[in-house]
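coords-v5.cif follows; it contains mmCIF, C-alpha atoms.
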data_entry
#
loop_
_atom_site.label_atom_id
_atom_site.label_comp_id
_atom_site.auth_asym_id
_atom_site.auth_seq_id
_atom_site.Cartn_x
_atom_site.Cartn_y
_atom_site.Cartn_z
CA MET A 1 119.60 97.95 202.62
CA LEU A 2 120.36 100.39 199.81
CA LEU A 3 122.64 99.58 196.89
CA ALA A 4 124.23 102.82 195.64
CA ILE A 5 126.11 102.83 192.31
CA ASP A 6 128.14 105.79 191.02
CA ILE A 7 129.47 105.19 187.50
CA GLY A 8 132.46 107.37 186.75
CA ASN A 9 134.91 107.59 183.88
CA THR A 10 137.68 105.74 185.73
CA ASN A 11 135.89 103.70 188.38
CA VAL A 12 132.45 102.43 189.26
CA VAL A 13 131.99 102.96 192.99
CA ILE A 14 129.43 100.70 194.66
CA ALA A 15 128.30 101.01 198.26
CA VAL A 16 125.82 99.16 200.43
CA PHE A 17 124.07 101.27 203.06
CA LYS A 18 122.28 100.08 206.16
CA GLY A 19 120.33 103.14 207.18
CA GLU A 20 122.77 106.05 207.03
CA GLU A 21 125.85 103.88 207.54
CA ILE A 22 128.00 102.47 204.76
CA VAL A 23 128.38 98.72 205.24
CA HIS A 24 131.02 98.37 202.53
CA THR A 25 132.35 100.14 199.44
CA TRP A 26 133.95 98.70 196.31
CA ARG A 27 135.71 100.34 193.37
CA ILE A 28 135.62 98.52 190.01
CA ALA A 29 137.46 99.73 186.91
CA THR A 30 135.04 101.28 184.42
CA ASP A 31 134.82 99.07 181.34
CA THR A 32 132.13 99.77 178.77
CA LYS A 33 132.77 96.38 177.15
CA ARG A 34 131.40 94.51 180.17
CA THR A 35 127.75 93.54 180.19
CA GLY A 36 125.26 93.91 182.99
CA ASP A 37 125.48 90.17 183.63
CA GLU A 38 129.25 90.41 184.03
CA TYR A 39 128.99 93.27 186.50
CA LYS A 40 126.25 91.40 188.35
CA SER A 41 128.51 88.37 188.73
CA ILE A 42 131.39 90.54 189.95
CA LEU A 43 129.17 92.25 192.52
CA LEU A 44 127.73 88.96 193.75
CA THR A 45 131.26 87.67 194.35
CA LEU A 46 132.28 90.86 196.14
CA MET A 47 129.24 90.74 198.41
CA ASP A 48 129.84 87.08 199.16
CA ASP A 49 133.46 87.84 200.12
CA GLU A 50 132.25 90.44 202.62
CA LYS A 51 129.42 88.19 203.93
CA ILE A 52 126.79 90.67 202.75
CA ALA A 53 123.47 88.97 201.98
CA SER A 54 122.39 90.19 198.56
CA ASP A 55 118.77 89.31 199.30
CA GLN A 56 118.76 92.04 201.96
CA ILE A 57 119.02 94.75 199.30
CA ASP A 58 115.57 96.32 199.00
CA CYS A 59 116.28 99.53 197.08
CA ALA A 60 118.92 100.98 194.78
CA ALA A 61 120.11 104.25 193.28
CA VAL A 62 122.29 104.88 190.23
CA SER A 63 124.32 107.92 189.18
CA SER A 64 126.16 107.74 185.88
CA VAL A 65 128.35 109.96 183.71
CA VAL A 66 129.05 107.05 181.34
CA PRO A 67 125.93 106.61 179.15
CA ASP A 68 127.07 103.23 177.77
CA LEU A 69 127.01 101.74 181.27
CA THR A 70 123.81 103.35 182.58
CA GLY A 71 121.56 100.66 181.10
CA PRO A 72 123.67 97.69 182.23
CA PHE A 73 123.83 98.99 185.78
CA ILE A 74 120.10 99.70 185.89
CA THR A 75 119.74 95.99 185.08
CA VAL A 76 122.20 95.11 187.87
CA ALA A 77 120.45 97.36 190.40
CA THR A 78 117.02 96.03 189.44
CA HIS A 79 118.24 92.45 189.92
CA PHE A 80 119.44 93.12 193.47
CA ALA A 81 116.66 95.45 194.63
CA GLY A 82 113.80 93.65 192.93
CA LYS A 83 112.57 96.94 191.49
CA LYS A 84 113.79 99.76 189.28
CA PRO A 85 116.41 101.94 190.98
CA VAL A 86 116.25 105.67 191.54
CA ILE A 87 118.17 107.17 188.63
CA VAL A 88 119.81 110.55 189.19
CA ASN A 89 118.67 112.78 186.32
CA PRO A 90 116.82 116.07 185.76
CA ASP A 91 113.44 114.35 186.10
CA ILE A 92 113.90 114.17 189.89
CA TYR A 93 115.79 117.40 190.55
CA ASP A 94 112.67 119.25 191.65
CA ARG A 95 112.47 116.93 194.67
CA LEU A 96 115.94 117.80 195.95
CA PRO A 97 116.80 120.34 198.68
CA ILE A 98 119.12 122.17 196.28
CA LYS A 99 118.16 123.94 193.07
CA LEU A 100 119.84 123.60 189.69
CA PRO A 101 120.25 126.64 187.42
CA GLU A 102 117.56 126.91 184.76
CA GLY A 103 118.73 125.46 181.48
CA ALA A 104 121.87 123.87 182.95
CA ALA A 105 120.43 120.80 184.66
CA HIS A 106 121.36 118.55 181.72
CA GLU A 107 124.94 119.85 181.66
CA ILE A 108 125.92 119.23 185.28
CA GLY A 109 127.22 115.71 185.92
CA THR A 110 125.01 113.61 188.16
CA ASP A 111 127.98 112.90 190.43
CA LEU A 112 128.32 116.63 191.00
CA VAL A 113 124.62 116.83 191.84
CA CYS A 114 125.17 114.09 194.42
CA ASN A 115 128.11 116.07 195.83
CA ALA A 116 126.06 119.25 196.05
CA VAL A 117 123.20 117.50 197.86
CA ALA A 118 125.56 115.88 200.37
CA ALA A 119 127.46 119.13 200.97
CA TRP A 120 124.23 121.05 201.52
CA ASN A 121 123.08 118.41 203.99
CA LEU A 122 126.45 118.73 205.76
CA THR A 123 126.82 122.52 205.85
CA HIS A 124 123.38 124.10 205.23
CA SER A 125 125.36 127.07 203.93
CA ALA A 126 127.05 128.36 200.81
CA ASN A 127 129.71 125.87 199.84
CA ILE A 128 132.27 124.76 197.30
CA VAL A 129 132.69 121.03 196.70
CA ILE A 130 136.07 120.07 195.27
CA ASP A 131 136.08 116.57 193.80
CA PHE A 132 139.53 115.15 193.15
CA GLY A 133 138.71 112.57 190.49
CA THR A 134 139.53 112.00 186.83
CA ALA A 135 138.61 115.67 186.55
CA LEU A 136 139.17 118.23 189.28
CA SER A 137 135.75 119.82 189.72
CA PHE A 138 134.49 122.71 191.83
CA THR A 139 130.71 122.79 192.39
CA ILE A 140 129.49 126.07 193.84
CA THR A 141 126.23 126.39 195.79
CA ASP A 142 125.01 129.64 197.32
CA GLN A 143 123.42 130.26 200.72
CA ASN A 144 119.93 129.63 199.27
CA GLY A 145 120.82 126.17 197.94
CA LEU A 146 121.12 127.26 194.30
CA VAL A 147 123.97 125.66 192.40
CA ARG A 148 125.62 128.67 190.81
CA GLY A 149 128.06 126.83 188.58
CA VAL A 150 130.92 124.40 188.14
CA ASP A 151 134.63 124.82 187.36
CA ILE A 152 136.54 121.90 185.80
CA ALA A 153 140.26 121.20 185.35
CA PRO A 154 142.19 117.99 184.62
CA GLY A 155 142.57 115.83 187.72
CA LEU A 156 145.99 115.33 189.32
CA GLY A 157 146.24 111.75 188.12
CA THR A 158 145.10 112.79 184.65
CA ALA A 159 147.76 115.50 184.52
CA VAL A 160 150.56 113.14 185.57
CA HIS A 161 149.44 110.46 183.10
CA SER A 162 149.19 113.00 180.28
CA LEU A 163 152.67 114.31 181.03
CA SER A 164 154.31 110.88 181.12
CA SER A 165 152.45 109.55 178.07
CA GLY A 166 153.21 112.64 176.02
CA ALA A 167 156.90 112.99 176.86
CA ALA A 168 159.15 109.98 176.34
CA GLN A 169 161.66 110.91 179.05
CA LEU A 170 159.19 111.87 181.78
CA PRO A 171 158.08 109.03 184.10
CA THR A 172 154.88 108.60 186.09
CA VAL A 173 155.74 109.71 189.61
CA PRO A 174 154.13 109.31 193.05
CA LEU A 175 151.74 112.15 193.85
CA VAL A 176 153.38 113.49 197.01
CA ALA A 177 154.51 116.99 197.86
CA PRO A 178 158.26 117.59 197.48
CA SER A 179 160.25 119.35 200.18
CA SER A 180 160.94 122.31 197.91
CA ALA A 181 159.35 124.08 194.97
CA ILE A 182 162.72 123.94 193.24
CA GLY A 183 162.99 120.58 191.50
CA THR A 184 166.50 119.12 191.63
CA ASN A 185 165.78 115.90 189.71
CA THR A 186 163.13 114.67 187.30
CA ILE A 187 160.84 113.16 189.92
CA HIS A 188 160.98 116.18 192.22
CA SER A 189 160.54 118.51 189.27
CA ILE A 190 157.28 116.83 188.25
CA GLN A 191 156.05 116.65 191.86
CA ALA A 192 156.74 120.34 192.33
CA GLY A 193 155.01 121.25 189.09
CA ILE A 194 151.96 119.03 189.59
CA VAL A 195 151.39 118.81 193.35
CA LEU A 196 152.49 122.31 194.34
CA GLY A 197 151.06 123.72 191.13
CA TYR A 198 147.68 122.18 191.88
CA LYS A 199 147.87 123.50 195.44
CA GLY A 200 148.14 126.97 193.95
CA LEU A 201 145.34 126.27 191.47
CA VAL A 202 142.99 125.04 194.20
CA GLU A 203 143.75 127.82 196.65
CA TYR A 204 143.45 130.55 194.01
CA LEU A 205 140.18 129.25 192.58
CA ILE A 206 138.66 128.93 196.05
CA SER A 207 139.62 132.52 196.83
CA GLN A 208 138.28 133.79 193.52
CA ILE A 209 135.04 131.77 193.78
CA LYS A 210 134.39 133.11 197.29
CA SER A 211 134.95 136.66 196.06
CA ASP A 212 132.68 136.23 193.05
CA LEU A 213 130.00 134.50 195.12
CA HIS A 214 130.04 137.44 197.53
CA LYS A 215 129.55 139.84 194.62
CA LEU A 216 126.67 137.74 193.24
CA THR A 217 124.78 136.99 196.45
CA GLY A 218 126.21 139.10 199.27
CA VAL A 219 127.26 136.03 201.27
CA SER A 220 130.27 136.67 203.48
CA GLU A 221 133.38 134.92 202.18
CA ASP A 222 134.12 133.41 205.60
CA GLN A 223 130.69 131.75 205.59
CA VAL A 224 131.45 129.72 202.46
CA ARG A 225 132.38 126.16 203.42
CA VAL A 226 134.87 124.15 201.34
CA VAL A 227 134.21 120.40 201.13
CA ALA A 228 136.81 118.09 199.58
CA THR A 229 136.10 114.62 198.26
CA GLY A 230 137.55 112.11 195.80
CA GLY A 231 140.45 109.74 196.31
CA LEU A 232 143.21 112.23 195.47
CA ASN A 233 142.14 114.90 197.97
CA SER A 234 144.66 113.25 200.30
CA VAL A 235 147.49 114.59 198.10
CA LEU A 236 146.70 118.22 198.96
CA LYS A 237 145.14 117.81 202.39
CA PRO A 238 148.50 117.79 204.25
CA ILE A 239 149.77 120.95 202.55
CA THR A 240 146.78 123.28 202.61
CA ASP A 241 144.31 124.56 205.17
CA VAL A 242 141.53 125.62 202.80
CA PHE A 243 139.29 122.57 203.32
CA THR A 244 136.52 122.97 205.91
CA HIS A 245 135.43 119.34 205.58
CA VAL A 246 136.97 116.28 203.94
CA ASP A 247 134.78 113.27 203.12
CA ARG A 248 135.90 110.70 200.59
CA SER A 249 132.40 109.14 200.60
CA LEU A 250 130.57 112.41 199.91
CA THR A 251 129.26 111.36 196.49
CA MET A 252 127.86 108.08 197.81
CA LYS A 253 126.25 109.84 200.76
CA GLY A 254 124.64 112.27 198.35
CA LEU A 255 123.36 109.38 196.27
CA ARG A 256 121.81 107.86 199.39
CA LEU A 257 120.12 111.17 200.23
CA ILE A 258 118.79 111.54 196.68
CA ALA A 259 117.35 108.02 196.83
CA GLY A 260 115.40 109.10 199.89
CA TYR A 261 114.14 112.34 198.35
CA ALA A 262 113.11 110.66 195.08
CA SER A 263 111.49 107.51 196.47
#
Kindly present the structure from the file in structure tokens form.
Amino acid sequence: MLLAIDIGNTNVVIAVFKGEEIVHTWRIATDTKRTGDEYKSILLTLMDDEKIASDQIDCAAVSSVVPDLTGPFITVATHFAGKKPVIVNPDIYDRLPIKLPEGAAHEIGTDLVCNAVAAWNLTHSANIVIDFGTALSFTITDQNGLVRGVDIAPGLGTAVHSLSSGAAQLPTVPLVAPSSAIGTNTIHSIQAGIVLGYKGLVEYLISQIKSDLHKLTGVSEDQVRVVATGGLNSVLKPITDVFTHVDRSLTMKGLRLIAGYAS
């Protein structure tokens, strides 16, 4: 079985794969003060709770955008797999089915590389991956598998937290779409501004990206697939029809694919 670890700014997502299937997924709060031994103990307990035999792990892969935790989790992964894990970084990008722009490989987050690989495997066409995480990211790949670029905005949760923490009289509100764009109380006002505002942001950027990608490569705009992932994609999914595919586990599936290409 494969142990896949994606270290993000808010959560560390850990999945165990048996072949192509996810056996189980866990989300642990990212904490740079924890040691590798602490994370190892946490993971052992989680596996035991789910009756997953840790001695069945025979390989591992790690993606990280938190440098302080990369080393500790390499230690964790090595403990479980009995060998050094595949580490997503520019050293292995030449083995992937997608191509990274020259000079930008070190700037693109490894989680976004995982997303791009998984989306290419899913669509085999030009695509935009929208990841609703701490940041709201758009990763754009053309019809030849070249990652053309990335757009980044604050994530929905980040925006709500920033608003409530920066304004004494504004509360943190549930991220659900209000019935009207005209806010009639504080909660509805924030929901209209954030949820409906982000709907507009997402739909506009998708439209503009498709147009610009057509100008750059000649690909037809209706051939560009839009893949949504990340926990908060569910906020916009009910109120927009721009997503071609929705897969909350896209990043982990990309990490699994990369482990296969790099092994």
### Task
Go through the shown structure with the PyMOL selection byres ((chain A and resi 40) around 10) and write out the matching residues as an MDAnalysis selection string.
chainID A and resid 35:39 41:46 72:73 75:77 79:80
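Once all atoms listed in the file are considered, the residues situated within 6 Å of the file point (117.6, 123.7, 197.3) turn out to be Pro97, Ile98, Lys99, Gly145 and Leu146 of chain A.
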### Message
Please list, as an MDAnalysis selection string, the residues that have an atom at most 10 Å away from (125.4, 107.3, 189.9) in the coordinates of this file, counting all atoms listed in the file.
### Response
chainID A and resid 4:8 12:14 61:66 70 73 86:89 109:114 251:252 254:255
### Task
Please indicate the distance in Å from atom CA of A:Asp55 to atom CA of A:Lys18, rounded to one decimal place.
13.2 Å
### Message
Applying 12 Å and only C-alpha atoms, which residues near A:Glu21 remain after dropping the ones on its own chain fewer than 6 positions away? List them as a count of residues only.
### Response
9
Need the shell around A:Val246: protein/DNA/RNA residues with any atom at most 7 Å away, counting all atoms listed in the file. Skip same-chain ones fewer than 3 positions apart. Format as a short mmCIF file (atom, residue, chain, number, x, y, z; two decimals) with C-alpha atoms, keeping the file's coordinate frame?
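Result went into around17.cif, see below:
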data_model
loop_
_atom_site.label_atom_id
_atom_site.label_comp_id
_atom_site.auth_asym_id
_atom_site.auth_seq_id
_atom_site.Cartn_x
_atom_site.Cartn_y
_atom_site.Cartn_z
CA VAL A 227 134.21 120.40 201.13
CA ALA A 228 136.81 118.09 199.58
CA THR A 229 136.10 114.62 198.26
CA PHE A 243 139.29 122.57 203.32
#
#### Entry: Explicit residue set for the PyMOL selection byres ((chain A and resi 193-207) around 7), as JSON, numbers by chain
{"A": [175, 176, 177, 189, 190, 191, 192, 208, 209, 210, 211, 236, 242]}
Write the residues you've just listed into a file as a PDB file, in the frame of the given file, and include C-alpha atoms for each of them.
ATOM      1  CA  LEU A 175     151.740 112.150 193.850  1.00  0.00           C
ATOM      2  CA  VAL A 176     153.380 113.490 197.010  1.00  0.00           C
ATOM      3  CA  ALA A 177     154.510 116.990 197.860  1.00  0.00           C
ATOM      4  CA  SER A 189     160.540 118.510 189.270  1.00  0.00           C
ATOM      5  CA  ILE A 190     157.280 116.830 188.250  1.00  0.00           C
ATOM      6  CA  GLN A 191     156.050 116.650 191.860  1.00  0.00           C
ATOM      7  CA  ALA A 192     156.740 120.340 192.330  1.00  0.00           C
ATOM      8  CA  GLN A 208     138.280 133.790 193.520  1.00  0.00           C
ATOM      9  CA  ILE A 209     135.040 131.770 193.780  1.00  0.00           C
ATOM     10  CA  LYS A 210     134.390 133.110 197.290  1.00  0.00           C
ATOM     11  CA  SER A 211     134.950 136.660 196.060  1.00  0.00           C
ATOM     12  CA  LEU A 236     146.700 118.220 198.960  1.00  0.00           C
ATOM     13  CA  VAL A 242     141.530 125.620 202.800  1.00  0.00           C
TER      14      VAL A 242
END
### Query
In Å, with one decimal, what is the gap from atom CA of A:Leu170 to atom CA of A:His188?
11.4 Å
### Summary
Among A:Ile74, A:Leu213, A:Val16, A:Ala159, A:Ile128 is approached most closely, using all atoms listed in the file, by A:Leu213
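Between atom CA of A:Val117 and atom CA of A:Tyr93 the interatomic distance comes to 10.4 Å.
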### Message
Please expand the PyMOL selection byres ((chain A and resi 143) around 8) into the concrete residues it hits in this file, giving the result as a PyMOL selection string.
### Response
chain A and resi 124-127+141-142+144-146+219
Box along x, y and z, 4 Å on every side, all listed atoms of stretch 48-55 of chain A inside: centre and edge lengths in Å to one decimal, as JSON.
{"center_x": 126.1, "center_y": 88.9, "center_z": 201.2, "size_x": 22.7, "size_y": 11.6, "size_z": 13.4}
### Query
Which residue, A:Asp247, A:Asp58, A:Asp49, A:Asp94, has the smallest gap to A:Gly19 when you use only C-alpha atoms?
A:Asp58
Using the partial input, fill out stretch 1-27 of chain A with N, CA and C atoms; write the result as a PDB file, keeping the file's coordinate frame.
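Dumped everything to part-v3.pdb:
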ATOM      1  N   MET A   1     118.357  97.242 202.887  1.00  0.00           N
ATOM      2  CA  MET A   1     119.600  97.950 202.620  1.00  0.00           C
ATOM      3  C   MET A   1     119.555  98.583 201.227  1.00  0.00           C
ATOM      4  N   LEU A   2     120.306  99.650 201.072  1.00  0.00           N
ATOM      5  CA  LEU A   2     120.360 100.390 199.810  1.00  0.00           C
ATOM      6  C   LEU A   2     121.644 100.056 199.060  1.00  0.00           C
ATOM      7  N   LEU A   3     121.501  99.774 197.780  1.00  0.00           N
ATOM      8  CA  LEU A   3     122.640  99.580 196.890  1.00  0.00           C
ATOM      9  C   LEU A   3     122.822 100.882 196.106  1.00  0.00           C
ATOM     10  N   ALA A   4     123.953 101.553 196.310  1.00  0.00           N
ATOM     11  CA  ALA A   4     124.230 102.820 195.640  1.00  0.00           C
ATOM     12  C   ALA A   4     125.356 102.605 194.631  1.00  0.00           C
ATOM     13  N   ILE A   5     125.147 103.054 193.385  1.00  0.00           N
ATOM     14  CA  ILE A   5     126.110 102.830 192.310  1.00  0.00           C
ATOM     15  C   ILE A   5     126.423 104.163 191.637  1.00  0.00           C
ATOM     16  N   ASP A   6     127.689 104.558 191.675  1.00  0.00           N
ATOM     17  CA  ASP A   6     128.140 105.790 191.020  1.00  0.00           C
ATOM     18  C   ASP A   6     129.113 105.414 189.908  1.00  0.00           C
ATOM     19  N   ILE A   7     128.686 105.601 188.669  1.00  0.00           N
ATOM     20  CA  ILE A   7     129.470 105.190 187.500  1.00  0.00           C
ATOM     21  C   ILE A   7     130.268 106.380 187.001  1.00  0.00           C
ATOM     22  N   GLY A   8     131.582 106.307 187.190  1.00  0.00           N
ATOM     23  CA  GLY A   8     132.460 107.370 186.750  1.00  0.00           C
ATOM     24  C   GLY A   8     133.306 106.949 185.572  1.00  0.00           C
ATOM     25  N   ASN A   9     134.107 107.879 185.066  1.00  0.00           N
ATOM     26  CA  ASN A   9     134.910 107.590 183.880  1.00  0.00           C
ATOM     27  C   ASN A   9     136.052 106.626 184.145  1.00  0.00           C
ATOM     28  N   THR A  10     136.558 106.615 185.378  1.00  0.00           N
ATOM     29  CA  THR A  10     137.680 105.740 185.730  1.00  0.00           C
ATOM     30  C   THR A  10     137.229 104.540 186.532  1.00  0.00           C
ATOM     31  N   ASN A  11     136.355 104.773 187.502  1.00  0.00           N
ATOM     32  CA  ASN A  11     135.890 103.700 188.380  1.00  0.00           C
ATOM     33  C   ASN A  11     134.376 103.723 188.531  1.00  0.00           C
ATOM     34  N   VAL A  12     133.818 102.554 188.788  1.00  0.00           N
ATOM     35  CA  VAL A  12     132.450 102.430 189.260  1.00  0.00           C
ATOM     36  C   VAL A  12     132.542 102.188 190.765  1.00  0.00           C
ATOM     37  N   VAL A  13     131.967 103.103 191.528  1.00  0.00           N
ATOM     38  CA  VAL A  13     131.990 102.960 192.990  1.00  0.00           C
ATOM     39  C   VAL A  13     130.629 102.430 193.422  1.00  0.00           C
ATOM     40  N   ILE A  14     130.666 101.358 194.193  1.00  0.00           N
ATOM     41  CA  ILE A  14     129.430 100.700 194.660  1.00  0.00           C
ATOM     42  C   ILE A  14     129.467 100.639 196.172  1.00  0.00           C
ATOM     43  N   ALA A  15     128.379 101.058 196.806  1.00  0.00           N
ATOM     44  CA  ALA A  15     128.300 101.010 198.260  1.00  0.00           C
ATOM     45  C   ALA A  15     126.984 100.386 198.688  1.00  0.00           C
ATOM     46  N   VAL A  16     127.031  99.679 199.790  1.00  0.00           N
ATOM     47  CA  VAL A  16     125.820  99.160 200.430  1.00  0.00           C
ATOM     48  C   VAL A  16     125.618  99.943 201.718  1.00  0.00           C
ATOM     49  N   PHE A  17     124.434 100.512 201.864  1.00  0.00           N
ATOM     50  CA  PHE A  17     124.070 101.270 203.060  1.00  0.00           C
ATOM     51  C   PHE A  17     123.085 100.479 203.904  1.00  0.00           C
ATOM     52  N   LYS A  18     123.285 100.534 205.201  1.00  0.00           N
ATOM     53  CA  LYS A  18     122.280 100.080 206.160  1.00  0.00           C
ATOM     54  C   LYS A  18     121.873 101.310 206.946  1.00  0.00           C
ATOM     55  N   GLY A  19     120.694 101.840 206.635  1.00  0.00           N
ATOM     56  CA  GLY A  19     120.330 103.140 207.180  1.00  0.00           C
ATOM     57  C   GLY A  19     121.257 104.197 206.613  1.00  0.00           C
ATOM     58  N   GLU A  20     121.865 105.003 207.486  1.00  0.00           N
ATOM     59  CA  GLU A  20     122.770 106.050 207.030  1.00  0.00           C
ATOM     60  C   GLU A  20     124.225 105.578 206.979  1.00  0.00           C
ATOM     61  N   GLU A  21     124.477 104.369 207.440  1.00  0.00           N
ATOM     62  CA  GLU A  21     125.850 103.880 207.540  1.00  0.00           C
ATOM     63  C   GLU A  21     126.243 103.051 206.319  1.00  0.00           C
ATOM     64  N   ILE A  22     127.471 103.262 205.858  1.00  0.00           N
ATOM     65  CA  ILE A  22     128.000 102.470 204.760  1.00  0.00           C
ATOM     66  C   ILE A  22     128.512 101.139 205.320  1.00  0.00           C
ATOM     67  N   VAL A  23     127.949 100.050 204.812  1.00  0.00           N
ATOM     68  CA  VAL A  23     128.380  98.720 205.240  1.00  0.00           C
ATOM     69  C   VAL A  23     129.703  98.370 204.559  1.00  0.00           C
ATOM     70  N   HIS A  24     129.783  98.633 203.267  1.00  0.00           N
ATOM     71  CA  HIS A  24     131.020  98.370 202.530  1.00  0.00           C
ATOM     72  C   HIS A  24     130.993  99.126 201.211  1.00  0.00           C
ATOM     73  N   THR A  25     132.198  99.445 200.720  1.00  0.00           N
ATOM     74  CA  THR A  25     132.350 100.140 199.440  1.00  0.00           C
ATOM     75  C   THR A  25     133.341  99.381 198.569  1.00  0.00           C
ATOM     76  N   TRP A  26     133.035  99.308 197.274  1.00  0.00           N
ATOM     77  CA  TRP A  26     133.950  98.700 196.310  1.00  0.00           C
ATOM     78  C   TRP A  26     134.195  99.662 195.161  1.00  0.00           C
ATOM     79  N   ARG A  27     135.368  99.560 194.565  1.00  0.00           N
ATOM     80  CA  ARG A  27     135.710 100.340 193.370  1.00  0.00           C
ATOM     81  C   ARG A  27     136.093  99.349 192.275  1.00  0.00           C
TER      82      ARG A  27
END
